[in-house]
Amino acid sequence: MRAPKGEWGEGFINFTSNDYLGLSRHPEVVAAGVAAAELYGAGARASRIAGGNHPLFSEFEEKIAAYKGYEAATVFGSGYLANLGVITALEPEVVYADRLAHACIIDAVKLAGAKLVRFLHNDMADLARRIDRPGLVVSEEVFSMDGDAAPVGELMGFGMPVMIDGAHSLYKPQTSNLKPQIYVGTMSKALGSYGGYVCGSKTFIEYLNTKARPLIYSTALPPFAVGAAIKALEIIERDRPYVRAVENADYLRSRVTGDGSRGVIIPVIMGDEEKVLAAEEILRENGILVAAIRPPTVPKGTARLRISITAAHTKSEIDKLANVIAGLTRNP
């Protein structure tokens, strides 16, 4: 049976974290969060619509919209709630979603009462075959269990609005002016804090602020989370920790898989569920935390170790992980 996993105590090297840029424990990020809590209190005390909209929200929204290259943004309680808010507010007749899109996207489509059409992963020819009417196209910027990226430009070529879930973004600067109409992000991974947001046109964001039920009927994020996220974004622009994260991932990939992709999520597919659970235990016995991922989170027959590399990992830590995995491969 699946059960929640948490801290195992001192002395473990953690390769399960989504804290890709190592900012959750960064002293400046923590200090900014504490300062926000001292100024505004531990909690927001109400929904944003009903008086819980402390000034930090506007500051973060302006900064994240500018960084991502959009006119405006709005903050939700989590990335999950942001996806629910967008899709249910739009009330689309049909949603075309990548087969590996996150569970919250599927839940949002169900709540919206839309027809769900799932196309093969990153397969534009399959998407083209399945389109029978205009709708909303949804995919992920980086897929959480495989670490590969969606072909956003190709998705936009179908002439329909595109929504991209960027939960696993490394917050590297934009290298293209080609952006989806709707971008959903989180503050709970690379920004090291908690919360979600949506970027888009000013008109669309104003629409969400009056229509999105998860925003209207949920207590707002606590000040600590927003203050910490603001500081994290400043550090990313200043120090570029995403460069270190990618370098670390490339180093491990050169030793473990030989895969030439650039993602920091590295899956080691083992297939058999018992085998991957045994591998997780062997890694833990060696002081290494790596999550064993099994169906229904991933398709049957693709049980895997999901390795998450961060900017905070050292080369010696990565070497230790690679050596243990090499032993697992030699002795399946």
# chains A, B, ... in the order shown; residues from 1 in each chain; ligands from 1
$ residues_around --residues "Gly327 (chain A)" --least-positions-apart "4" --cutoff "12 Å" --atoms "only C-alpha atoms" --output "list in words"
Val256, Ala279, Ile282, Leu283, Asn286, Lys320, Leu321, Ala322, Asn323, Asn331 and Pro332 of chain A
$ residues_around --residues "Pro241 (chain A)" --least-positions-apart "2" --cutoff "12 Å" --atoms "only C-alpha atoms" --output "ChimeraX atom specification"
/A:19-23,26,170-173,190-191,232-239,243-248,310-313
$ residues_around --residues "Ile131 (chain A)" --least-positions-apart "4" --cutoff "10 Å" --atoms "only C-alpha atoms" --output "list in words"
Val94, Val95, Tyr96, Val117, Phe119, Asp126, Leu127, Gly135 and Phe158 of chain A
$ residues_around --residues "Phe57 (chain A)" --least-positions-apart "3" --cutoff "10 Å" --atoms "only C-alpha atoms" --output "compact mmCIF listing (two decimals) with C-alpha atoms, in the first residue's frame"
# COMPACT_ATOMS: atom_id res chain seq x y z
CA ARG A 48 -8.27 37.30 -0.98
CA GLY A 52 -6.99 38.42 3.06
CA ASN A 53 -5.18 40.15 0.21
CA HIS A 54 -2.04 41.47 1.94
CA PHE A 60 4.80 38.86 -6.33
CA GLU A 61 2.24 39.00 -9.15
CA GLU A 62 3.98 41.95 -10.79
CA ALA A 73 -0.61 37.21 -12.90
CA THR A 74 -2.74 36.11 -9.96
CA VAL A 75 -1.84 33.95 -6.97
CA PHE A 76 -3.72 30.82 -5.85
CA ALA A 220 -5.35 33.22 1.01
CA LEU A 221 -1.76 32.09 1.29
CA PRO A 223 2.40 35.99 4.28
CA VAL A 226 4.59 34.90 -0.47
CA GLY A 227 7.45 36.84 1.13
CA ILE A 230 9.49 37.01 -3.71
$ closest_residue --among "A:Gly79, A:Gly147, A:Gly41, A:Pro55" --to "Val264 (chain A)" --atoms "only C-alpha atoms"
A:Gly147
$ select_by_dssp --residues "region 242-297 of chain A" --states "helix (DSSP H, G or I)" --output "compact mmCIF listing (two decimals) with C-alpha atoms, in the first residue's frame"
# COMPACT_ATOMS: atom_id res chain seq x y z
CA TYR A 242 19.40 26.84 -12.44
CA VAL A 243 22.82 26.63 -14.13
CA ARG A 244 24.20 24.56 -11.26
CA ALA A 245 21.09 22.34 -11.18
CA VAL A 246 21.41 21.50 -14.88
CA GLU A 247 25.16 20.85 -14.54
CA ASN A 248 24.51 18.45 -11.66
CA ALA A 249 21.82 16.63 -13.62
CA ASP A 250 24.06 16.32 -16.68
CA TYR A 251 26.82 14.87 -14.51
CA LEU A 252 24.57 12.19 -13.02
CA ARG A 253 23.00 11.42 -16.39
CA SER A 254 26.43 10.86 -17.90
CA ARG A 255 27.08 8.20 -15.28
CA VAL A 256 23.67 6.58 -14.97
CA GLU A 273 6.97 -2.88 -8.76
CA GLU A 274 8.60 -5.24 -6.26
CA LYS A 275 12.00 -4.61 -7.82
CA VAL A 276 11.69 -0.84 -7.58
CA LEU A 277 10.55 -1.04 -3.94
CA ALA A 278 13.56 -3.24 -3.14
CA ALA A 279 15.84 -0.75 -4.89
CA GLU A 280 14.37 2.11 -2.84
CA GLU A 281 15.14 0.18 0.35
CA ILE A 282 18.73 -0.60 -0.73
CA LEU A 283 19.31 3.08 -1.46
CA ARG A 284 17.90 4.03 1.94
CA GLU A 285 20.21 1.52 3.64
$ residues_around --residues "Ala50 (chain A)" --least-positions-apart "6" --cutoff "10 Å" --atoms "only C-alpha atoms" --output "number ranges by chain"
A: 216-220
$ closest_atom_pairs --of "region 164-223 of chain A" --to "region 99-105 of chain A" --cutoff "10 Å" --atoms "only C-alpha atoms" --output "CSV"
residue,atom,partner,partner_atom,distance
A:Ile164,CA,A:Ala101,CA,9.9
A:Asp165,CA,A:His102,CA,8.5
A:Ala167,CA,A:His102,CA,9.8
$ atom_distance --atom1 "CA of Asp98 (chain A)" --atom2 "CA of Ile205 (chain A)"
24.3 Å
$ atom_distance --atom1 "CA of Pro27 (chain A)" --atom2 "CA of Thr186 (chain A)"
20.5 Å
$ closest_residue --among "A:Ala42, A:Ala125, A:Val268, A:Ile309" --to "Ala326 (chain A)" --atoms "only C-alpha atoms"
A:Val268
$ select_by_dssp --residues "region 145-310 of chain A" --states "strand (DSSP E or B)" --output "MDAnalysis selection string"
chainID A and resid 149 162:165 182:186 196:200 219 265:271 288:289 291:293 303:308
$ closest_residue --among "A:Pro180, A:Gly157, A:Pro134, A:Pro214" --to "Gly200 (chain A)" --atoms "only C-alpha atoms"
A:Pro180
$ atom_distance --atom1 "CA of Val162 (chain A)" --atom2 "CA of Arg306 (chain A)"
27.8 Å
$ closest_residue --among "A:Val137, A:Met145, A:Ala128, A:Val324" --to "Arg294 (chain A)" --atoms "only C-alpha atoms"
A:Met145
$ residues_around --residues "Asp272 (chain A)" --least-positions-apart "4" --cutoff "8 Å" --atoms "only C-alpha atoms" --output "PyMOL selection string"
chain A and resi 276+301-303
$ write_last_selection --atoms "C-alpha atoms" --output "PDB file, in the first residue's frame"
ATOM      1  CA  VAL A 276      11.685  -0.838  -7.578  1.00  0.00           C
ATOM      2  CA  GLY A 301       5.005  -1.777 -16.351  1.00  0.00           C
ATOM      3  CA  THR A 302       6.960   1.478 -15.917  1.00  0.00           C
ATOM      4  CA  ALA A 303       7.653   1.470 -12.171  1.00  0.00           C
TER       5      ALA A 303
END
$ residues_around --residues "Glu141 (chain A)" --least-positions-apart "4" --cutoff "10 Å" --atoms "only C-alpha atoms" --output "count of residues only"
17
$ closest_residue --among "A:Met156, A:Ile288, A:Leu215, A:Ala31" --to "Glu317 (chain A)" --atoms "only C-alpha atoms"
A:Ile288
$ decode --residues "region 74-199 of chain A" --atoms "C-alpha atoms" --output "CSV table (one decimal), in the first residue's frame"
chain,number,residue,atom,x,y,z
A,74,THR,CA,-2.7,36.1,-10.0
A,75,VAL,CA,-1.8,33.9,-7.0
A,76,PHE,CA,-3.7,30.8,-5.9
A,77,GLY,CA,-3.4,28.7,-2.8
A,78,SER,CA,-1.5,26.0,-4.7
A,79,GLY,CA,-0.6,24.8,-8.2
A,80,TYR,CA,-3.4,22.2,-7.9
A,81,LEU,CA,-5.9,24.9,-7.1
A,82,ALA,CA,-4.6,27.1,-9.9
A,83,ASN,CA,-5.2,24.4,-12.5
A,84,LEU,CA,-8.7,23.8,-11.0
A,85,GLY,CA,-9.4,27.5,-11.1
A,86,VAL,CA,-8.4,28.1,-14.7
A,87,ILE,CA,-10.1,25.1,-16.3
A,88,THR,CA,-13.4,25.4,-14.3
A,89,ALA,CA,-13.5,29.2,-14.9
A,90,LEU,CA,-13.1,28.7,-18.7
A,91,GLU,CA,-15.8,26.1,-18.9
A,92,PRO,CA,-14.4,24.6,-22.1
A,93,GLU,CA,-16.5,22.2,-24.1
A,94,VAL,CA,-13.5,19.9,-24.7
A,95,VAL,CA,-10.0,19.7,-23.3
A,96,TYR,CA,-7.2,18.1,-25.3
A,97,ALA,CA,-4.7,16.9,-22.7
A,98,ASP,CA,-1.3,15.1,-22.9
A,99,ARG,CA,-1.7,11.5,-21.7
A,100,LEU,CA,0.9,12.2,-19.0
A,101,ALA,CA,-0.6,15.5,-17.8
A,102,HIS,CA,-0.8,15.8,-14.0
A,103,ALA,CA,-3.8,14.4,-12.0
A,104,CYS,CA,-5.0,17.9,-11.0
A,105,ILE,CA,-5.6,18.7,-14.7
A,106,ILE,CA,-7.7,15.6,-15.1
A,107,ASP,CA,-9.6,16.5,-11.9
A,108,ALA,CA,-10.2,20.0,-13.2
A,109,VAL,CA,-11.6,18.8,-16.5
A,110,LYS,CA,-14.0,16.5,-14.6
A,111,LEU,CA,-15.2,19.4,-12.4
A,112,ALA,CA,-15.6,21.6,-15.4
A,113,GLY,CA,-17.9,19.1,-17.0
A,114,ALA,CA,-15.8,19.2,-20.2
A,115,LYS,CA,-15.1,16.3,-22.6
A,116,LEU,CA,-11.6,15.0,-21.9
A,117,VAL,CA,-9.6,13.9,-25.0
A,118,ARG,CA,-6.1,12.5,-24.1
A,119,PHE,CA,-3.5,12.4,-26.9
A,120,LEU,CA,-0.3,10.3,-26.8
A,121,HIS,CA,2.5,11.8,-24.9
A,122,ASN,CA,4.1,14.7,-26.9
A,123,ASP,CA,2.6,13.2,-30.1
A,124,MET,CA,1.4,16.0,-32.3
A,125,ALA,CA,0.2,13.7,-35.1
A,126,ASP,CA,-2.0,11.9,-32.6
A,127,LEU,CA,-3.4,15.2,-31.3
A,128,ALA,CA,-4.2,16.3,-34.8
A,129,ARG,CA,-6.1,13.0,-35.4
A,130,ARG,CA,-8.2,13.5,-32.3
A,131,ILE,CA,-9.3,17.1,-32.8
A,132,ASP,CA,-12.9,17.3,-33.9
A,133,ARG,CA,-13.9,20.7,-32.6
A,134,PRO,CA,-12.3,23.8,-31.0
A,135,GLY,CA,-11.2,23.4,-27.4
A,136,LEU,CA,-8.4,24.0,-24.8
A,137,VAL,CA,-5.1,22.3,-25.3
A,138,VAL,CA,-3.3,21.4,-22.0
A,139,SER,CA,0.2,20.0,-21.4
A,140,GLU,CA,3.1,20.4,-19.0
A,141,GLU,CA,6.3,22.4,-19.4
A,142,VAL,CA,8.3,19.6,-17.8
A,143,PHE,CA,6.7,16.3,-17.0
A,144,SER,CA,7.0,15.4,-13.4
A,145,MET,CA,7.8,11.6,-13.8
A,146,ASP,CA,9.8,11.6,-17.0
A,147,GLY,CA,11.6,14.9,-16.9
A,148,ASP,CA,11.0,15.7,-20.6
A,149,ALA,CA,9.5,18.9,-22.0
A,150,ALA,CA,6.4,19.6,-24.1
A,151,PRO,CA,6.7,21.0,-27.6
A,152,VAL,CA,4.9,24.2,-26.7
A,153,GLY,CA,5.4,25.9,-30.1
A,154,GLU,CA,3.9,22.9,-31.9
A,155,LEU,CA,0.9,22.8,-29.5
A,156,MET,CA,0.3,26.5,-30.3
A,157,GLY,CA,0.2,25.7,-34.0
A,158,PHE,CA,-3.2,24.1,-33.8
A,159,GLY,CA,-4.9,27.5,-33.5
A,160,MET,CA,-6.5,26.8,-30.1
A,161,PRO,CA,-5.8,28.4,-26.7
A,162,VAL,CA,-3.0,26.5,-24.9
A,163,MET,CA,-2.5,26.2,-21.2
A,164,ILE,CA,0.9,25.0,-19.9
A,165,ASP,CA,1.5,23.7,-16.4
A,166,GLY,CA,5.0,24.9,-15.4
A,167,ALA,CA,5.1,23.4,-12.0
A,168,HIS,CA,8.5,21.9,-12.5
A,169,SER,CA,10.1,24.9,-14.1
A,170,LEU,CA,13.7,25.8,-13.2
A,171,TYR,CA,12.9,29.5,-13.8
A,172,LYS,CA,15.5,29.9,-16.5
A,173,PRO,CA,15.0,33.2,-18.4
A,174,GLN,CA,12.7,33.1,-21.5
A,175,THR,CA,14.6,32.4,-24.7
A,176,SER,CA,11.6,32.8,-27.0
A,177,ASN,CA,8.8,35.2,-27.4
A,178,LEU,CA,6.5,32.3,-28.2
A,179,LYS,CA,4.5,31.8,-25.1
A,180,PRO,CA,1.2,29.9,-24.4
A,181,GLN,CA,-1.8,32.0,-23.7
A,182,ILE,CA,-2.1,30.6,-20.1
A,183,TYR,CA,0.8,29.7,-17.9
A,184,VAL,CA,0.3,28.0,-14.5
A,185,GLY,CA,3.2,27.8,-12.1
A,186,THR,CA,4.0,27.0,-8.5
A,187,MET,CA,6.0,28.5,-5.7
A,188,SER,CA,6.3,25.2,-4.0
A,189,LYS,CA,9.2,23.6,-6.0
A,190,ALA,CA,12.0,25.6,-7.5
A,191,LEU,CA,11.0,28.7,-5.5
A,192,GLY,CA,11.2,26.7,-2.3
A,193,SER,CA,8.0,28.1,-0.8
A,194,TYR,CA,4.3,27.3,-1.3
A,195,GLY,CA,1.5,28.4,-3.5
A,196,GLY,CA,0.5,28.6,-7.1
A,197,TYR,CA,-0.1,31.3,-9.7
A,198,VAL,CA,-1.4,31.9,-13.2
A,199,CYS,CA,0.1,34.2,-15.9
